[in-house]
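Engineer: Contents of work-v3.cif (mmCIF, C-alpha atoms) are given next:
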data_work
loop_
_atom_site.label_atom_id
_atom_site.label_comp_id
_atom_site.auth_asym_id
_atom_site.auth_seq_id
_atom_site.Cartn_x
_atom_site.Cartn_y
_atom_site.Cartn_z
CA MET A 1 3.20 58.25 56.13
CA ALA A 2 1.53 55.00 55.00
CA THR A 3 2.82 51.80 56.53
CA PHE A 4 3.76 48.66 54.62
CA ALA A 5 0.58 46.88 55.80
CA GLU A 6 -1.56 49.63 54.31
CA TYR A 7 0.42 49.48 51.10
CA ALA A 8 -0.03 45.70 50.90
CA ALA A 9 -3.77 46.01 51.54
CA LEU A 10 -4.10 48.60 48.78
CA ALA A 11 -2.07 46.39 46.42
CA ARG A 12 -4.33 43.40 47.13
CA GLN A 13 -7.40 45.55 46.59
CA LEU A 14 -5.98 46.81 43.31
CA ALA A 15 -5.18 43.23 42.21
CA ASP A 16 -8.72 42.11 43.06
CA GLN A 17 -10.18 44.99 41.11
CA ARG A 18 -7.95 44.21 38.17
CA ARG A 19 -8.95 40.53 38.18
CA GLU A 20 -12.60 41.53 38.35
CA THR A 21 -12.08 43.94 35.49
CA ASP A 22 -10.37 41.20 33.46
CA ARG A 23 -13.25 38.82 34.14
CA ASP A 24 -15.74 41.45 33.07
CA ALA A 25 -13.73 42.10 29.92
CA VAL A 26 -13.62 38.38 29.08
CA ALA A 27 -17.36 38.07 29.66
CA ALA A 28 -18.00 41.14 27.52
CA ASP A 29 -15.82 39.71 24.74
CA ARG A 30 -17.70 36.41 24.83
CA ARG A 31 -21.05 38.17 24.74
CA ARG A 32 -19.84 40.36 21.89
CA SER A 33 -18.68 37.28 19.96
CA ALA A 34 -22.03 35.57 20.53
CA LEU A 35 -23.87 38.67 19.37
CA ARG A 36 -21.65 38.92 16.29
CA ALA A 37 -22.31 35.26 15.43
CA THR A 38 -26.05 35.79 15.85
CA LEU A 39 -25.87 38.89 13.69
CA ASP A 40 -24.02 37.01 10.94
CA GLN A 41 -26.60 34.24 11.05
CA LEU A 42 -29.46 36.71 10.83
CA THR A 43 -27.72 38.50 7.97
CA ARG A 44 -27.42 35.29 5.96
CA ARG A 45 -31.02 34.44 6.77
CA LEU A 46 -32.27 37.84 5.67
CA ASP A 47 -30.26 37.59 2.45
CA ALA A 48 -31.93 34.23 1.69
CA GLN A 49 -35.33 35.72 2.47
CA SER A 50 -34.65 38.69 0.22
CA HIS A 51 -33.64 36.38 -2.63
CA ARG A 52 -36.75 34.25 -2.15
CA LEU A 53 -39.02 37.30 -2.00
CA ASP A 54 -37.43 38.57 -5.20
CA GLN A 55 -38.24 35.25 -6.87
CA LEU A 56 -41.82 35.38 -5.61
CA GLY A 57 -42.17 38.95 -6.83
CA ARG A 58 -40.93 38.04 -10.31
CA ALA A 59 -43.30 35.05 -10.41
CA ALA A 60 -46.22 37.27 -9.39
CA GLY A 61 -45.21 40.05 -11.79
CA VAL A 62 -44.37 42.53 -9.02
CA THR A 63 -41.08 44.41 -9.16
CA ALA A 64 -39.71 45.96 -5.96
CA GLU A 65 -38.35 49.49 -5.96
CA PRO A 66 -34.55 49.64 -5.77
CA ALA A 67 -33.14 50.57 -2.39
CA PRO A 68 -31.43 53.97 -2.17
CA THR A 69 -27.69 53.83 -2.56
CA ALA A 70 -25.21 55.28 -0.14
CA GLY A 71 -24.77 58.38 -2.30
CA GLU A 72 -28.50 59.13 -2.24
CA ARG A 73 -28.85 59.11 1.54
CA PRO A 74 -29.14 62.48 3.25
CA ALA A 75 -26.04 63.63 5.04
CA SER A 76 -26.05 63.63 8.81
CA PRO A 77 -26.04 67.04 10.51
CA ALA A 78 -23.04 65.93 12.56
CA ALA A 79 -21.01 65.53 9.36
CA THR A 80 -21.15 69.22 8.51
CA PRO A 81 -17.92 71.22 8.47
CA ALA A 82 -18.98 73.16 11.54
CA ALA A 83 -19.36 69.95 13.57
CA ALA A 84 -16.12 68.48 12.29
CA ALA A 85 -14.10 71.63 12.85
CA GLY A 86 -13.59 70.86 16.54
CA ALA A 87 -13.20 73.48 19.27
CA GLY A 88 -13.29 77.22 18.96
CA PRO A 89 -10.38 79.63 19.11
CA SER A 90 -10.06 79.37 22.91
CA GLY A 91 -7.03 77.25 23.67
CA GLY A 92 -6.53 75.31 20.42
CA ARG A 93 -3.64 74.89 18.02
CA ALA A 94 -3.79 75.72 14.38
CA GLY A 95 -4.22 72.06 13.45
CA GLY A 96 -7.27 71.70 15.64
CA SER A 97 -5.62 69.76 18.51
CA PRO A 98 -5.78 71.30 21.98
CA GLU A 99 -2.80 72.43 23.93
CA PRO A 100 -1.19 69.90 26.23
CA GLY A 101 -3.09 69.57 29.47
CA THR A 102 -6.19 71.30 28.09
CA ALA A 103 -9.23 70.16 26.17
CA GLY A 104 -10.79 71.83 23.17
CA THR A 105 -13.48 73.54 25.22
CA GLY A 106 -12.52 76.14 27.75
CA GLY A 107 -9.16 74.67 28.80
CA ALA A 108 -10.56 71.60 30.59
CA ALA A 109 -8.28 68.70 31.35
CA ALA A 110 -7.86 66.05 28.68
CA ALA A 111 -10.19 63.06 29.04
CA PRO A 112 -8.40 60.05 30.51
CA GLY A 113 -8.92 56.56 29.20
CA ARG A 114 -7.15 53.70 27.47
CA PRO A 115 -6.46 53.96 23.72
CA GLY A 116 -9.36 52.57 21.70
CA VAL A 117 -11.76 52.74 24.66
CA GLY A 118 -12.49 56.45 24.70
CA ALA A 119 -12.91 59.06 27.37
CA TYR A 120 -15.04 58.94 30.46
CA PRO A 121 -18.62 60.14 30.11
CA GLN A 122 -19.22 63.84 30.20
CA GLY A 123 -19.87 65.14 33.67
CA ALA A 124 -17.37 62.90 35.45
CA THR A 125 -14.61 64.65 37.34
CA THR A 126 -10.93 63.92 37.47
CA THR A 127 -8.92 66.00 39.94
CA GLY A 128 -11.69 68.55 40.03
CA ALA A 129 -11.76 69.24 36.27
CA VAL A 130 -14.73 68.69 33.99
CA VAL A 131 -14.06 65.98 31.39
CA ALA A 132 -14.99 66.77 27.82
CA VAL A 133 -16.35 64.05 25.52
CA PRO A 134 -15.01 64.23 21.96
CA THR A 135 -17.70 63.91 19.30
CA ALA A 136 -16.90 62.08 16.07
CA ALA A 137 -18.31 63.44 12.85
CA GLY A 138 -21.17 61.43 11.41
CA VAL A 139 -21.84 59.38 14.56
CA PRO A 140 -25.53 59.53 15.55
CA ALA A 141 -26.48 60.41 19.09
CA PRO A 142 -27.30 57.43 21.34
CA ARG A 143 -30.91 56.60 22.08
CA ALA A 144 -32.47 57.72 25.29
CA GLY A 145 -32.20 55.00 27.87
CA GLY A 146 -29.74 52.89 25.87
CA VAL A 147 -30.34 49.87 23.63
CA ASP A 148 -29.83 46.22 24.52
CA PRO A 149 -28.24 44.46 21.49
CA GLY A 150 -29.50 41.08 22.70
CA ALA A 151 -33.09 42.32 22.84
CA GLU A 152 -32.75 43.92 19.41
CA LEU A 153 -31.40 40.69 17.90
CA ALA A 154 -34.15 38.67 19.57
CA GLU A 155 -36.74 41.01 18.04
CA ALA A 156 -35.04 40.70 14.65
CA ARG A 157 -35.08 36.90 14.96
CA ARG A 158 -38.80 36.99 15.82
CA LEU A 159 -39.50 39.13 12.76
CA ALA A 160 -37.43 36.77 10.61
CA ASP A 161 -39.48 33.81 11.88
CA GLU A 162 -42.69 35.67 11.05
CA THR A 163 -41.31 36.43 7.60
CA ASP A 164 -40.52 32.75 7.04
CA ARG A 165 -44.08 31.85 8.02
CA LEU A 166 -45.55 34.41 5.62
CA ILE A 167 -43.22 33.29 2.83
CA GLY A 168 -44.33 29.69 3.34
CA LEU A 169 -47.98 30.77 3.25
CA THR A 170 -47.35 32.76 0.07
CA GLU A 171 -45.65 29.80 -1.59
CA ALA A 172 -48.54 27.52 -0.61
CA VAL A 173 -51.03 29.97 -2.13
CA GLY A 174 -48.86 30.45 -5.21
CA ARG A 175 -48.79 26.69 -5.89
CA ARG A 176 -52.58 26.68 -6.20
CA PRO A 177 -54.29 27.74 -9.42
CA PRO A 178 -56.49 30.85 -9.36
CA LEU A 179 -59.54 28.88 -10.51
CA LEU A 180 -61.10 26.79 -7.69
CA PRO A 181 -57.84 26.56 -5.72
CA ALA A 182 -59.24 24.23 -3.03
CA TRP A 183 -60.45 21.63 -5.57
CA SER A 184 -58.50 18.71 -6.98
CA PRO A 185 -57.40 18.89 -10.65
CA LEU A 186 -59.97 16.25 -11.69
CA ALA A 187 -62.84 17.97 -9.90
CA ARG A 188 -61.77 21.34 -11.29
CA ALA A 189 -61.68 20.02 -14.87
CA LEU A 190 -65.04 18.30 -14.46
CA ALA A 191 -66.61 21.50 -13.08
CA VAL A 192 -65.20 23.61 -15.93
CA TYR A 193 -66.33 21.23 -18.69
CA ALA A 194 -69.75 20.79 -17.06
CA ALA A 195 -70.19 24.57 -16.83
CA CYS A 196 -69.23 24.96 -20.49
CA ALA A 197 -71.65 22.17 -21.46
CA ALA A 198 -74.45 23.78 -19.46
CA ALA A 199 -73.74 27.12 -21.14
CA GLY A 200 -73.85 25.32 -24.49
CA VAL A 201 -77.26 23.80 -23.67
CA VAL A 202 -78.62 27.24 -22.73
CA LEU A 203 -77.24 28.71 -25.95
CA ALA A 204 -78.77 25.84 -27.94
CA VAL A 205 -82.18 26.50 -26.38
CA VAL A 206 -81.88 30.18 -27.30
CA LEU A 207 -80.92 29.30 -30.86
CA LEU A 208 -83.89 26.95 -31.08
CA GLY A 209 -86.19 29.75 -29.95
CA VAL A 210 -85.01 32.11 -32.68
CA ALA A 211 -84.56 29.45 -35.36
CA GLY A 212 -87.68 30.46 -37.22
CA VAL A 213 -86.35 33.99 -37.58
CA VAL A 214 -82.68 33.66 -38.40
CA ALA A 215 -82.26 30.11 -39.72
CA SER A 216 -84.02 26.86 -40.47
CA PRO A 217 -84.58 24.28 -37.69
CA GLY A 218 -82.33 21.77 -39.45
CA ALA A 219 -79.38 24.14 -39.43
CA VAL A 220 -79.98 24.83 -35.76
CA TYR A 221 -80.00 21.12 -34.95
CA VAL A 222 -76.73 20.60 -36.83
CA ALA A 223 -75.14 23.56 -35.05
CA THR A 224 -76.29 22.51 -31.58
CA CYS A 225 -75.36 18.85 -31.99
CA GLY A 226 -72.09 19.37 -33.89
CA ALA A 227 -70.36 22.75 -33.80
CA LEU A 228 -71.58 24.01 -30.44
CA PRO A 229 -70.32 21.01 -28.36
CA VAL A 230 -66.90 21.34 -29.97
CA LEU A 231 -66.84 25.05 -29.15
CA CYS A 232 -67.78 24.28 -25.55
CA PHE A 233 -64.99 21.74 -25.31
CA VAL A 234 -62.46 24.20 -26.75
CA ALA A 235 -63.68 26.89 -24.33
CA GLY A 236 -63.23 24.60 -21.32
CA TYR A 237 -59.79 23.54 -22.59
CA LEU A 238 -58.69 27.17 -22.87
CA VAL A 239 -60.11 28.12 -19.47
CA LEU A 240 -58.18 25.32 -17.77
CA GLY A 241 -55.02 26.35 -19.58
CA ARG A 242 -55.39 30.01 -18.57
CA TRP A 243 -56.71 29.88 -14.99
CA GLY A 244 -55.84 26.31 -14.04
CA ARG A 245 -52.07 26.92 -13.94
CA PRO A 246 -50.49 27.83 -10.58
CA ALA A 247 -48.14 30.80 -10.42
CA LEU A 248 -45.37 28.75 -8.75
CA GLY A 249 -44.06 25.28 -9.41
CA ALA A 250 -45.69 24.93 -12.84
CA ASP A 251 -43.07 23.30 -15.05
CA GLY A 252 -45.50 22.25 -17.76
CA PRO A 253 -49.11 22.76 -18.84
CA PRO A 254 -51.79 22.05 -16.24
CA PRO A 255 -53.80 18.81 -16.43
CA ARG A 256 -56.79 19.35 -18.69
CA PHE A 257 -58.27 15.82 -18.90
CA VAL A 258 -59.06 15.90 -22.61
CA PRO A 259 -61.06 12.62 -22.71
CA LEU A 260 -63.22 13.77 -19.82
CA GLY A 261 -63.85 17.11 -21.51
CA PHE A 262 -64.65 15.47 -24.82
CA VAL A 263 -67.15 13.09 -23.24
CA THR A 264 -68.75 15.86 -21.18
CA CYS A 265 -69.12 18.43 -23.95
CA VAL A 266 -69.27 16.53 -27.23
CA LEU A 267 -71.39 13.56 -26.09
CA LEU A 268 -73.37 14.55 -23.00
CA MET A 269 -74.35 18.01 -24.24
CA PRO A 270 -76.20 16.75 -27.37
CA LEU A 271 -77.84 14.06 -25.24
CA ALA A 272 -78.99 16.66 -22.73
CA TYR A 273 -80.26 18.87 -25.53
CA CYS A 274 -82.17 16.01 -27.20
CA GLY A 275 -83.64 15.05 -23.83
CA TYR A 276 -84.83 18.62 -23.39
CA LEU A 277 -86.50 18.53 -26.84
CA VAL A 278 -88.23 15.23 -26.09
CA LEU A 279 -89.47 16.54 -22.75
CA PHE A 280 -90.68 19.75 -24.39
CA ARG A 281 -92.61 17.81 -27.08
CA LEU A 282 -94.18 15.49 -24.52
CA LEU A 283 -95.25 18.34 -22.28
CA GLY A 284 -96.36 20.48 -25.19
#
Show me the file's structure as structure tokens.

Structural biologist:
Amino acid sequence: MATFAEYAALARQLADQRRETDRDAVAADRRRSALRATLDQLTRRLDAQSHRLDQLGRAAGVTAEPAPTAGERPASPAATPAAAAGAGPSGGRAGGSPEPGTAGTGGAAAAPGRPGVGAYPQGATTTGAVVAVPTAAGVPAPRAGGVDPGAELAEARRLADETDRLIGLTEAVGRRPPLLPAWSPLARALAVYAACAAAGVVLAVVLLGVAGVVASPGAVYVATCGALPVLCFVAGYLVLGRWGRPALGADGPPPRFVPLGFVTCVLLMPLAYCGYLVLFRLLG
């Protein structure tokens, strides 16, 4: 028969174990609250990223495929009627609940545990009986080795940071025009008008070479010094309007520098063409 001293020692040991269990429960609750707060923050962050990516996709003309709804997802094998039916005919009531003092499989003892916590893991023994673990329908099997929620959230946060970096890079690229993106607007416009003027000079030289066949030299001179520079200016104006506009952040038309284009095409091109004719006559 146990003495009072042994009873007191067992009571103190039980009290210490209960305090330790309470401390572990409080720590687990705090960690769970911190993980839930981190999850909520990541959820809001991912929603903002999804909205921004949707805007970028619409600006780029790319439409994302709709995500499958809950009704389109394949059913889990655990949700089949055979898995949800419970135990077999050995030791079960008509409603599917086992007899008192027995489990649904082979008459094993019912799994102990507090309500809401669940039974002990399968394989543990209580008074020599094998404990059965009830399986809920539709619940996936746990991963091998277990999963650390903190590590998973840290990995998700790292991926979210990488996504923010890529979104920023995409926005920076989208705010640049497709044509000469590294150049300033003035340099871009000057390069476009100069290229159009050079193309006009080459076309004028070609027209001068075939002037004796298709037209008189006077008509060619009028075309190269009047109509062709205007066409070159209009071509440069249209090119800047089409490929000089960025995909993002463009509220109005891009800068086209009309006086610069007019001077480059309408004035400098005829001067360059006349200089070419003078040089050709002197050398010829």

Engineer: Calculate how many Å separate atom CA of Gly236 of chain A from atom CA of Tyr193 of chain A, rounding to one decimal.

Structural biologist: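 Spanning atom CA of Gly236 of chain A to atom CA of Tyr193 of chain A is a straight-line distance of 5.3 Å.
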
Engineer: Report the distance between atom CA of Gly146 of chain A and atom CA of Leu46 of chain A in Å, rounded to one decimal place.

Structural biologist: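 Distance between the two atoms: 25.3 Å.
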
Engineer: Can you measure atom CA of Leu56 of chain A to atom CA of Ala156 of chain A for me? One decimal in Å is fine.

Structural biologist: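 Atom CA of Ala156 of chain A lies at a distance of 22.0 Å from atom CA of Leu56 of chain A.
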
Engineer: Expanded to explicit residues, what is the PyMOL selection byres ((chain A and resi 32-44) around 9) for this file, as a list of chain:residue names?

Structural biologist: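 Going through the file, the PyMOL selection byres ((chain A and resi 32-44) around 9) ends up selecting A:Ala27, A:Ala28, A:Asp29, A:Arg30, A:Arg31, A:Arg45, A:Leu46, A:Asp47, A:Ala48, A:Gln49, A:Pro149, A:Gly150, A:Leu153, A:Ala156, A:Arg157, A:Ala160.
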
Engineer: Could you write out as a ChimeraX atom specification the residues that the PyMOL selection byres ((chain A and resi 166-172) around 10) matches in the shown file?

Structural biologist: /A:49,52-53,56,160-165,173-176,247-249

Engineer: Please expand the PyMOL selection byres ((chain A and resi 262-277) around 9) into the concrete residues it hits in this file, giving the result as a PDB file with C-alpha atoms, in the coordinates of the input.

Structural biologist:
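Writing done, so here's result-v4.pdb:
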ATOM      1  CA  LEU A 190     -65.040  18.300 -14.460  1.00  0.00           C
ATOM      2  CA  TYR A 193     -66.330  21.230 -18.690  1.00  0.00           C
ATOM      3  CA  ALA A 194     -69.750  20.790 -17.060  1.00  0.00           C
ATOM      4  CA  CYS A 196     -69.230  24.960 -20.490  1.00  0.00           C
ATOM      5  CA  ALA A 197     -71.650  22.170 -21.460  1.00  0.00           C
ATOM      6  CA  ALA A 198     -74.450  23.780 -19.460  1.00  0.00           C
ATOM      7  CA  GLY A 200     -73.850  25.320 -24.490  1.00  0.00           C
ATOM      8  CA  VAL A 201     -77.260  23.800 -23.670  1.00  0.00           C
ATOM      9  CA  VAL A 202     -78.620  27.240 -22.730  1.00  0.00           C
ATOM     10  CA  ALA A 204     -78.770  25.840 -27.940  1.00  0.00           C
ATOM     11  CA  VAL A 205     -82.180  26.500 -26.380  1.00  0.00           C
ATOM     12  CA  THR A 224     -76.290  22.510 -31.580  1.00  0.00           C
ATOM     13  CA  CYS A 225     -75.360  18.850 -31.990  1.00  0.00           C
ATOM     14  CA  GLY A 226     -72.090  19.370 -33.890  1.00  0.00           C
ATOM     15  CA  LEU A 228     -71.580  24.010 -30.440  1.00  0.00           C
ATOM     16  CA  PRO A 229     -70.320  21.010 -28.360  1.00  0.00           C
ATOM     17  CA  VAL A 230     -66.900  21.340 -29.970  1.00  0.00           C
ATOM     18  CA  LEU A 231     -66.840  25.050 -29.150  1.00  0.00           C
ATOM     19  CA  CYS A 232     -67.780  24.280 -25.550  1.00  0.00           C
ATOM     20  CA  PHE A 233     -64.990  21.740 -25.310  1.00  0.00           C
ATOM     21  CA  GLY A 236     -63.230  24.600 -21.320  1.00  0.00           C
ATOM     22  CA  PHE A 257     -58.270  15.820 -18.900  1.00  0.00           C
ATOM     23  CA  VAL A 258     -59.060  15.900 -22.610  1.00  0.00           C
ATOM     24  CA  PRO A 259     -61.060  12.620 -22.710  1.00  0.00           C
ATOM     25  CA  LEU A 260     -63.220  13.770 -19.820  1.00  0.00           C
ATOM     26  CA  GLY A 261     -63.850  17.110 -21.510  1.00  0.00           C
ATOM     27  CA  VAL A 278     -88.230  15.230 -26.090  1.00  0.00           C
ATOM     28  CA  LEU A 279     -89.470  16.540 -22.750  1.00  0.00           C
ATOM     29  CA  PHE A 280     -90.680  19.750 -24.390  1.00  0.00           C
ATOM     30  CA  ARG A 281     -92.610  17.810 -27.080  1.00  0.00           C
ATOM     31  CA  LEU A 282     -94.180  15.490 -24.520  1.00  0.00           C
TER      32      LEU A 282
END

Engineer: Please determine, counting all atoms listed in the file, which residue among A:Ala154, A:Leu207, A:Val147, A:Leu240 has the shortest atom-to-atom distance to Ala187 of chain A.

Structural biologist: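 Under the stated criterion, the closest residue is A:Leu240.
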
Engineer: Please, can segment 193-207 of chain A be completed to N, CA and C atoms and returned as a PDB file, in the coordinates of the input?

Structural biologist:
ATOM      1  N   TYR A 193     -65.689  21.795 -17.494  1.00  0.00           N
ATOM      2  CA  TYR A 193     -66.330  21.230 -18.690  1.00  0.00           C
ATOM      3  C   TYR A 193     -67.847  21.152 -18.507  1.00  0.00           C
ATOM      4  N   ALA A 194     -68.306  20.842 -17.293  1.00  0.00           N
ATOM      5  CA  ALA A 194     -69.750  20.790 -17.060  1.00  0.00           C
ATOM      6  C   ALA A 194     -70.371  22.182 -17.188  1.00  0.00           C
ATOM      7  N   ALA A 195     -69.674  23.218 -16.683  1.00  0.00           N
ATOM      8  CA  ALA A 195     -70.190  24.570 -16.830  1.00  0.00           C
ATOM      9  C   ALA A 195     -70.242  24.992 -18.292  1.00  0.00           C
ATOM     10  N   CYS A 196     -69.219  24.626 -19.062  1.00  0.00           N
ATOM     11  CA  CYS A 196     -69.230  24.960 -20.490  1.00  0.00           C
ATOM     12  C   CYS A 196     -70.344  24.200 -21.215  1.00  0.00           C
ATOM     13  N   ALA A 197     -70.564  22.935 -20.847  1.00  0.00           N
ATOM     14  CA  ALA A 197     -71.650  22.170 -21.460  1.00  0.00           C
ATOM     15  C   ALA A 197     -73.006  22.756 -21.113  1.00  0.00           C
ATOM     16  N   ALA A 198     -73.179  23.171 -19.850  1.00  0.00           N
ATOM     17  CA  ALA A 198     -74.450  23.780 -19.460  1.00  0.00           C
ATOM     18  C   ALA A 198     -74.677  25.093 -20.215  1.00  0.00           C
ATOM     19  N   ALA A 199     -73.608  25.884 -20.360  1.00  0.00           N
ATOM     20  CA  ALA A 199     -73.740  27.120 -21.140  1.00  0.00           C
ATOM     21  C   ALA A 199     -74.082  26.807 -22.590  1.00  0.00           C
ATOM     22  N   GLY A 200     -73.519  25.717 -23.126  1.00  0.00           N
ATOM     23  CA  GLY A 200     -73.850  25.320 -24.490  1.00  0.00           C
ATOM     24  C   GLY A 200     -75.304  24.899 -24.634  1.00  0.00           C
ATOM     25  N   VAL A 201     -75.841  24.194 -23.620  1.00  0.00           N
ATOM     26  CA  VAL A 201     -77.260  23.800 -23.670  1.00  0.00           C
ATOM     27  C   VAL A 201     -78.156  25.033 -23.646  1.00  0.00           C
ATOM     28  N   VAL A 202     -77.823  26.008 -22.782  1.00  0.00           N
ATOM     29  CA  VAL A 202     -78.620  27.240 -22.730  1.00  0.00           C
ATOM     30  C   VAL A 202     -78.551  27.977 -24.065  1.00  0.00           C
ATOM     31  N   LEU A 203     -77.377  28.040 -24.658  1.00  0.00           N
ATOM     32  CA  LEU A 203     -77.240  28.710 -25.950  1.00  0.00           C
ATOM     33  C   LEU A 203     -78.008  27.958 -27.038  1.00  0.00           C
ATOM     34  N   ALA A 204     -78.019  26.623 -26.963  1.00  0.00           N
ATOM     35  CA  ALA A 204     -78.770  25.840 -27.940  1.00  0.00           C
ATOM     36  C   ALA A 204     -80.271  26.091 -27.821  1.00  0.00           C
ATOM     37  N   VAL A 205     -80.761  26.199 -26.585  1.00  0.00           N
ATOM     38  CA  VAL A 205     -82.180  26.500 -26.380  1.00  0.00           C
ATOM     39  C   VAL A 205     -82.511  27.874 -26.936  1.00  0.00           C
ATOM     40  N   VAL A 206     -81.640  28.838 -26.752  1.00  0.00           N
ATOM     41  CA  VAL A 206     -81.880  30.180 -27.300  1.00  0.00           C
ATOM     42  C   VAL A 206     -81.889  30.147 -28.811  1.00  0.00           C
ATOM     43  N   LEU A 207     -80.945  29.407 -29.399  1.00  0.00           N
ATOM     44  CA  LEU A 207     -80.920  29.300 -30.860  1.00  0.00           C
ATOM     45  C   LEU A 207     -82.171  28.609 -31.389  1.00  0.00           C
TER      46      LEU A 207
END
